[in-house]
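Pasting run_38.cif here (mmCIF, C-alpha atoms and all ligand atoms):
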data_structure
loop_
_atom_site.label_atom_id
_atom_site.label_comp_id
_atom_site.auth_asym_id
_atom_site.auth_seq_id
_atom_site.Cartn_x
_atom_site.Cartn_y
_atom_site.Cartn_z
CA MET B 271 -103.76 13.05 147.58
CA ALA B 272 -105.01 10.36 145.19
CA HIS B 273 -102.91 9.72 142.08
CA SER B 274 -103.85 8.10 138.84
CA TYR B 275 -101.16 6.13 137.05
CA PRO B 276 -101.85 6.45 133.33
CA GLU B 277 -100.60 3.85 130.86
CA PRO B 278 -98.31 5.46 128.26
CA PRO B 279 -99.89 5.48 124.79
CA VAL B 280 -98.56 2.47 122.88
CA GLY B 281 -95.29 3.31 121.11
CA ARG B 282 -95.09 6.78 122.67
CA HIS B 283 -93.36 8.28 125.65
CA PRO B 284 -95.70 10.72 127.40
CA GLY B 285 -94.01 14.08 127.84
CA TRP B 286 -91.26 13.46 125.28
CA PRO B 287 -89.91 15.25 123.31
CA SER B 288 -90.69 18.44 125.16
CA ARG B 289 -89.42 21.83 126.28
CA PRO B 290 -90.07 22.44 129.98
CA GLY B 291 -89.27 25.94 131.21
CA PRO B 292 -87.93 28.57 131.16
CA LEU B 293 -86.99 29.93 134.60
CA LYS B 294 -84.86 32.98 135.28
CA VAL B 295 -82.11 32.58 137.92
CA PRO B 296 -79.09 34.76 138.81
CA ALA B 297 -77.01 33.19 136.00
CA GLY B 298 -79.67 33.86 133.31
CA VAL B 299 -82.61 32.09 131.69
CA VAL B 300 -82.60 28.31 132.16
CA ALA B 301 -84.58 25.93 129.96
CA LEU B 302 -84.61 22.27 129.00
CA ARG B 303 -84.92 20.74 125.56
CA SER B 304 -84.08 17.38 124.01
CA VAL B 305 -80.40 16.87 123.09
CA ARG B 306 -79.53 17.61 119.45
CA LEU B 307 -76.94 16.28 117.03
CA ARG B 308 -75.52 19.79 116.70
CA ASP B 309 -74.83 19.99 120.48
CA GLY B 310 -71.68 17.90 119.85
CA SER B 311 -69.10 20.67 119.59
CA ASP B 312 -70.37 22.53 122.71
CA TRP B 313 -70.72 19.24 124.62
CA SER B 314 -67.17 18.20 123.75
CA ALA B 315 -65.59 21.63 124.35
CA ILE B 316 -67.10 21.89 127.84
CA ARG B 317 -66.41 18.31 128.88
CA THR B 318 -62.80 18.15 127.66
CA ARG B 319 -61.99 21.49 129.32
CA ASP B 320 -63.86 20.47 132.52
CA GLU B 321 -62.32 17.05 133.19
CA ARG B 322 -61.21 18.07 136.70
CA HIS B 323 -64.65 19.53 137.49
CA LEU B 324 -66.64 16.51 136.24
CA SER B 325 -64.54 13.34 136.50
CA PRO B 326 -64.64 13.03 140.35
CA TRP B 327 -68.42 12.56 140.13
CA GLU B 328 -69.04 10.63 136.91
CA PRO B 329 -68.72 6.91 136.10
CA THR B 330 -65.20 5.86 135.10
CA MET B 331 -64.81 6.01 131.33
CA PRO B 332 -62.99 3.11 129.69
CA GLY B 333 -60.76 4.56 126.97
CA GLY B 334 -60.01 7.74 128.88
CA TRP B 335 -61.79 11.03 129.48
CA ILE B 336 -60.45 12.98 126.51
CA ARG B 337 -61.15 10.25 123.96
CA ARG B 338 -64.65 9.50 125.32
CA ASN B 339 -65.58 13.18 125.29
CA ALA B 340 -64.23 14.01 121.83
CA ALA B 341 -66.72 15.61 119.43
CA THR B 342 -66.54 12.45 117.30
CA GLU B 343 -68.11 10.48 120.19
CA TRP B 344 -71.24 12.62 120.26
CA PRO B 345 -73.17 11.32 117.20
CA GLY B 346 -73.14 7.77 118.59
CA ARG B 347 -74.00 8.96 122.09
CA TRP B 348 -76.76 11.21 120.74
CA LEU B 349 -78.29 8.33 118.73
CA GLN B 350 -78.40 6.20 121.90
CA LEU B 351 -79.99 9.03 123.88
CA ARG B 352 -82.53 9.77 121.15
CA SER B 353 -83.46 6.10 120.94
CA ALA B 354 -83.83 5.87 124.74
CA GLY B 355 -86.10 8.93 124.69
CA ARG B 356 -88.23 7.47 121.93
CA ARG B 357 -88.52 4.10 123.69
CA GLY B 358 -89.64 5.79 126.89
CA VAL B 359 -86.75 4.64 129.07
CA ALA B 360 -85.08 8.06 129.44
CA LEU B 361 -85.55 11.82 129.08
CA PRO B 362 -82.16 13.13 127.96
CA PHE B 363 -82.42 16.90 128.45
CA ALA B 364 -79.95 19.52 127.27
CA VAL B 365 -79.74 22.42 129.72
CA THR B 366 -79.60 25.83 128.08
CA LEU B 367 -78.64 29.14 129.64
CA ASP B 368 -79.81 32.17 127.65
CA GLY B 369 -80.25 29.76 124.74
CA ARG B 370 -76.71 28.32 124.94
CA PHE B 371 -75.97 24.63 125.67
CA VAL B 372 -74.34 24.45 129.14
CA GLY B 373 -75.05 20.98 130.49
CA HIS B 374 -77.26 17.98 130.82
CA VAL B 375 -80.07 16.70 133.02
CA MET B 376 -80.60 13.01 132.45
CA VAL B 377 -83.72 11.25 133.66
CA GLY B 378 -82.84 7.60 133.17
CA ASN B 379 -83.95 4.07 133.93
CA VAL B 380 -87.62 5.02 133.60
CA LEU B 381 -89.69 2.16 134.98
CA ARG B 382 -93.42 2.27 134.41
CA GLU B 383 -96.06 0.36 136.34
CA PRO B 384 -95.98 -0.54 139.12
CA LEU B 385 -92.95 1.58 140.13
CA LEU B 386 -93.31 4.70 137.95
CA SER B 387 -89.79 5.68 138.92
CA ALA B 388 -86.55 6.97 137.41
CA TYR B 389 -83.19 8.42 138.44
CA VAL B 390 -82.03 11.94 137.73
CA GLY B 391 -78.40 12.93 137.04
CA TYR B 392 -76.87 16.25 135.97
CA TRP B 393 -73.78 18.31 135.24
CA VAL B 394 -73.07 21.86 134.15
CA ASP B 395 -70.23 23.89 132.62
CA SER B 396 -67.84 25.00 135.41
CA THR B 397 -67.96 28.61 134.16
CA VAL B 398 -71.62 28.98 135.21
CA THR B 399 -71.71 27.11 138.54
CA GLY B 400 -73.19 28.77 141.61
CA GLY B 401 -75.78 30.73 139.63
CA GLY B 402 -78.76 28.45 140.24
CA VAL B 403 -78.66 26.78 136.81
CA ILE B 404 -78.88 23.14 137.84
CA THR B 405 -81.28 23.77 140.71
CA ALA B 406 -83.66 25.35 138.18
CA ALA B 407 -83.01 22.69 135.55
CA VAL B 408 -83.69 19.81 137.96
CA ALA B 409 -86.82 21.58 139.24
CA LEU B 410 -88.13 21.83 135.67
CA ALA B 411 -87.29 18.17 134.99
CA VAL B 412 -88.93 16.96 138.21
CA ASP B 413 -92.13 18.94 137.58
CA HIS B 414 -92.22 17.56 134.05
CA CYS B 415 -91.70 13.96 135.24
CA PHE B 416 -94.41 14.23 137.89
CA GLY B 417 -96.67 16.02 135.39
CA PRO B 418 -96.92 14.97 131.73
CA VAL B 419 -94.61 11.94 132.09
CA GLY B 420 -96.72 10.52 134.91
CA LEU B 421 -93.92 9.27 137.19
CA HIS B 422 -94.32 8.90 140.95
CA ARG B 423 -90.76 8.66 142.34
CA LEU B 424 -87.40 10.16 141.36
CA GLU B 425 -84.07 9.15 142.87
CA ALA B 426 -80.67 10.83 142.77
CA THR B 427 -77.45 9.30 144.07
CA VAL B 428 -74.53 11.46 145.12
CA ARG B 429 -71.09 10.96 146.65
CA PRO B 430 -70.95 12.23 150.27
CA GLU B 431 -68.00 14.44 149.21
CA ASN B 432 -70.08 16.28 146.57
CA GLY B 433 -71.23 19.27 148.61
CA ALA B 434 -72.57 21.25 145.63
CA SER B 435 -74.75 18.41 144.36
CA ILE B 436 -76.08 17.61 147.84
CA ARG B 437 -76.96 21.28 148.23
CA VAL B 438 -78.89 21.22 144.93
CA LEU B 439 -80.94 18.21 146.08
CA GLU B 440 -81.62 19.63 149.53
CA LYS B 441 -82.69 23.03 148.12
CA LEU B 442 -85.26 21.12 146.06
CA GLY B 443 -86.55 19.07 149.00
CA PHE B 444 -85.14 15.67 148.04
CA ARG B 445 -84.91 13.46 151.17
CA GLN B 446 -81.81 11.47 152.03
CA GLU B 447 -82.92 7.83 152.31
CA GLY B 448 -79.70 5.96 152.90
CA LEU B 449 -76.14 5.18 151.89
CA PHE B 450 -75.39 2.76 149.04
CA ARG B 451 -72.01 1.11 149.69
CA ARG B 452 -69.53 0.89 146.78
CA TYR B 453 -72.38 1.85 144.45
CA LEU B 454 -70.70 3.30 141.35
CA ASP B 455 -67.26 3.01 139.79
CA ILE B 456 -66.21 6.64 139.72
CA ASP B 457 -62.78 8.06 139.00
CA GLY B 458 -61.22 4.60 139.15
CA ALA B 459 -62.81 3.09 142.30
CA TRP B 460 -66.17 1.88 143.68
CA ARG B 461 -67.60 4.81 145.63
CA ASP B 462 -70.28 5.05 148.32
CA HIS B 463 -73.30 7.19 147.39
CA TYR B 464 -76.15 8.71 149.35
CA CYS B 465 -79.55 7.97 147.88
CA TYR B 466 -81.92 10.93 147.76
CA ALA B 467 -85.53 10.65 146.61
CA LEU B 468 -88.73 12.61 146.08
CA THR B 469 -92.24 11.37 145.34
CA ALA B 470 -95.00 13.18 143.48
CA ASP B 471 -97.22 13.39 146.56
CA GLU B 472 -94.55 15.50 148.35
CA LEU B 473 -94.87 18.34 145.83
CA LEU B 474 -96.85 21.44 146.75
CA PRO B 475 -99.14 23.06 144.16
CA GLY B 476 -96.90 24.85 141.66
CA GLY B 477 -94.30 22.12 141.91
CA LEU B 478 -90.59 22.70 142.42
CA ALA B 479 -90.48 25.62 139.98
CA GLY B 480 -93.20 27.29 142.08
CA ARG B 481 -91.17 26.55 145.21
CA LEU B 482 -88.08 28.27 143.73
CA VAL B 483 -90.18 31.27 142.69
CA ALA B 484 -91.82 31.50 146.15
CA GLU B 485 -88.38 31.38 147.80
CA GLY B 486 -87.06 34.15 145.52
CA ARG B 487 -84.49 31.82 143.93
CA ALA B 488 -86.07 32.08 140.46
CA SER B 489 -88.71 33.94 138.50
CA ARG B 490 -90.83 32.98 135.52
CA ALA B 491 -88.96 34.05 132.37
C1 LIG U 501 -73.25 19.93 141.19
C2 LIG U 501 -73.51 20.91 140.06
C3 LIG U 501 -74.37 20.21 139.02
C4 LIG U 501 -74.27 22.12 140.63
O1 LIG U 501 -74.64 22.98 139.55
P1 LIG U 501 -74.90 24.57 139.80
O2 LIG U 501 -75.59 25.10 138.60
O3 LIG U 501 -73.66 25.21 140.24
O4 LIG U 501 -75.92 24.48 141.03
P2 LIG U 501 -76.69 25.70 141.73
O5 LIG U 501 -75.97 26.99 141.48
O6 LIG U 501 -78.09 25.59 141.30
O7 LIG U 501 -76.57 25.30 143.27
C5 LIG U 501 -75.31 24.95 143.85
C6 LIG U 501 -75.38 25.17 145.35
O8 LIG U 501 -74.30 24.46 145.97
C7 LIG U 501 -73.56 25.36 146.78
N1 LIG U 501 -72.20 24.85 146.80
C8 LIG U 501 -71.24 24.96 145.87
N2 LIG U 501 -70.14 24.28 146.27
C9 LIG U 501 -70.45 23.71 147.45
C10 LIG U 501 -69.73 22.88 148.35
N3 LIG U 501 -68.49 22.50 148.10
N4 LIG U 501 -70.35 22.49 149.50
C11 LIG U 501 -71.63 22.87 149.76
N5 LIG U 501 -72.36 23.65 148.94
C12 LIG U 501 -71.76 24.08 147.80
C13 LIG U 501 -73.75 26.70 146.09
O9 LIG U 501 -73.43 27.77 146.95
C14 LIG U 501 -75.23 26.61 145.74
O10 LIG U 501 -76.06 26.78 146.88
P3 LIG U 501 -76.78 28.19 147.20
O11 LIG U 501 -77.73 28.48 146.07
O12 LIG U 501 -77.47 27.95 148.50
O13 LIG U 501 -75.68 29.23 147.29
C15 LIG U 501 -72.19 21.40 139.40
O14 LIG U 501 -71.32 21.87 140.39
C16 LIG U 501 -71.49 20.30 138.60
O15 LIG U 501 -71.72 20.15 137.41
N6 LIG U 501 -70.62 19.53 139.29
C17 LIG U 501 -69.88 18.46 138.63
C18 LIG U 501 -70.77 17.30 138.19
C19 LIG U 501 -71.61 16.77 139.34
O16 LIG U 501 -71.22 16.81 140.49
N7 LIG U 501 -72.79 16.24 139.00
C20 LIG U 501 -73.70 15.68 140.00
C21 LIG U 501 -73.30 14.28 140.32
S1 LIG U 501 -74.33 13.63 141.62
#

Using structure tokens, write down the structure that the file contains.
Ligand SMILES: CC(C)(COP(=O)(O)OP(=O)(O)OC[C@H]1O[C@@H](n2cnc3c(N)ncnc32)[C@H](O)[C@@H]1OP(=O)(O)O)[C@@H](O)C(=O)NCCC(=O)NCCS
Amino acid sequence: MAHSYPEPPVGRHPGWPSRPGPLKVPAGVVALRSVRLRDGSDWSAIRTRDERHLSPWEPTMPGGWIRRNAATEWPGRWLQLRSAGRRGVALPFAVTLDGRFVGHVMVGNVLREPLLSAYVGYWVDSTVTGGGVITAAVALAVDHCFGPVGLHRLEATVRPENGASIRVLEKLGFRQEGLFRRYLDIDGAWRDHYCYALTADELLPGGLAGRLVAEGRASRA
């Protein structure tokens, strides 16, 4: 399939801000939207309660988990994310379940021509895991990136020990491309990561959301 690689309009990030979705999965209705200043209390409550669920998979935080995830940290973090979205180097999505903030899908390090690539990272509240939330959220983000944003390649890196995250990527058809040695400082040490990737030309008509619907994993909400 031939692809055109559009230049982003000057000073604008194609496809941002935006609201891809929703999709209905066993846990409820999943949608994406841009992060908001008022997400701070939910963001902090989930992340401080979920240190044991999240910290084995996230970059080591100088200053300590509790301090770096306090509600007072959010306004500064949100300003950085909003700026990155506006500059076209990231798409910082909040994940909502039945309208409630439950996690984050981050499309970061957006590189335009000639690569048209980015990475995708994600986490979700431990109380809603296993219900298809992040699989649906990543599907919506990928379709959006290969659609209005005009990207060609998305990468995700994951520790070999992270069975749930590997399962998410494999359900969505990401291919394992290799092992990055001592790639990220996580939980106090440099950890190996598998690199998974997907390119726009691998998507079937209907995209990943269509794939989840066809497999009976999701329905259009
Ligand atoms: C990884 C994570 C985002 C998955 O979110 P989720 O909403 O639970 O994902 P889904 O429900 O869409 O899919 C999870 C799949 O993994 C499976 N799974 C769960 N634990 C697993 C494990 N230890 N080994 C293998 N598969 C596992 C689930 O059964 C499900 O597959 P299924 O639909 O075939 O049953 C969530 O567990 C999380 O936030 N983890 C901590 C942060 C993190 O790891 N982020 C990613 C860093 S690369």

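Picture a line from atom CA of Asn432 of chain B to atom C11 of ligand LIG 501 (chain U); it runs 7.5 Å.
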
- Task: List all protein, DNA and RNA residues that have at least one atom no more than 10 Å from any atom of ligand LIG 501 (chain U), counting only C-alpha atoms and all ligand atoms, and write them as number ranges by chain.
- Result: B: 295-297, 320-329, 372-375, 390-409, 426-442, 463-465, 487

- Message: I'd like the contact shell of Leu424 of chain B - 9 Å cut-off, all atoms listed in the file, skipping same-chain residues fewer than 5 positions apart - returned as a PyMOL selection string.
- Response: chain B and resi 377+386-390+412+415-416+444+466-470

- List every protein, DNA or RNA residue that has an atom no more than 10 Å from (-84.8, 8.6, 127.0) in the file's coordinate frame, counting all atoms listed in the file, and report them as JSON, numbers by chain. {"B": [283, 286, 287, 304, 350, 351, 352, 353, 354, 355, 356, 357, 358, 359, 360, 361, 362, 363, 376, 377, 378, 379, 380]}

- Message: Using Å and a single decimal, report how far atom CA of Thr366 of chain B sits from atom CA of Arg337 of chain B.
- Response: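 Separating atom CA of Arg337 of chain B from atom CA of Thr366 of chain B is a distance of 24.5 Å.
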
- Item | Interatomic distance (Å, one decimal) between atom CA of Thr318 of chain B and atom CA of Ile336 of chain B |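 So the two atoms, atom CA of Thr318 of chain B and atom CA of Ile336 of chain B, lie 5.8 Å apart.
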
- Message: Counting only C-alpha atoms, which residues have an atom no more than 10 Å from (-82.0, 36.9, 133.6) in the file's coordinates? Please list them as a count of residues only.
- Response: 14

- Find the spatial neighbours of Phe371 of chain B, counting only C-alpha atoms, within a cut-off of 8 Å - ignore same-chain residues fewer than 3 positions away - and output them as a PyMOL selection string. chain B and resi 309+312-313+364-367

- Query: Between B:Thr330, B:Gly480, B:Gly285, B:Arg308, which has the minimum distance to Leu454 of chain B (counting all atoms listed in the file)?
  - Reply: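 The closest residue to Leu454 of chain B is B:Thr330.
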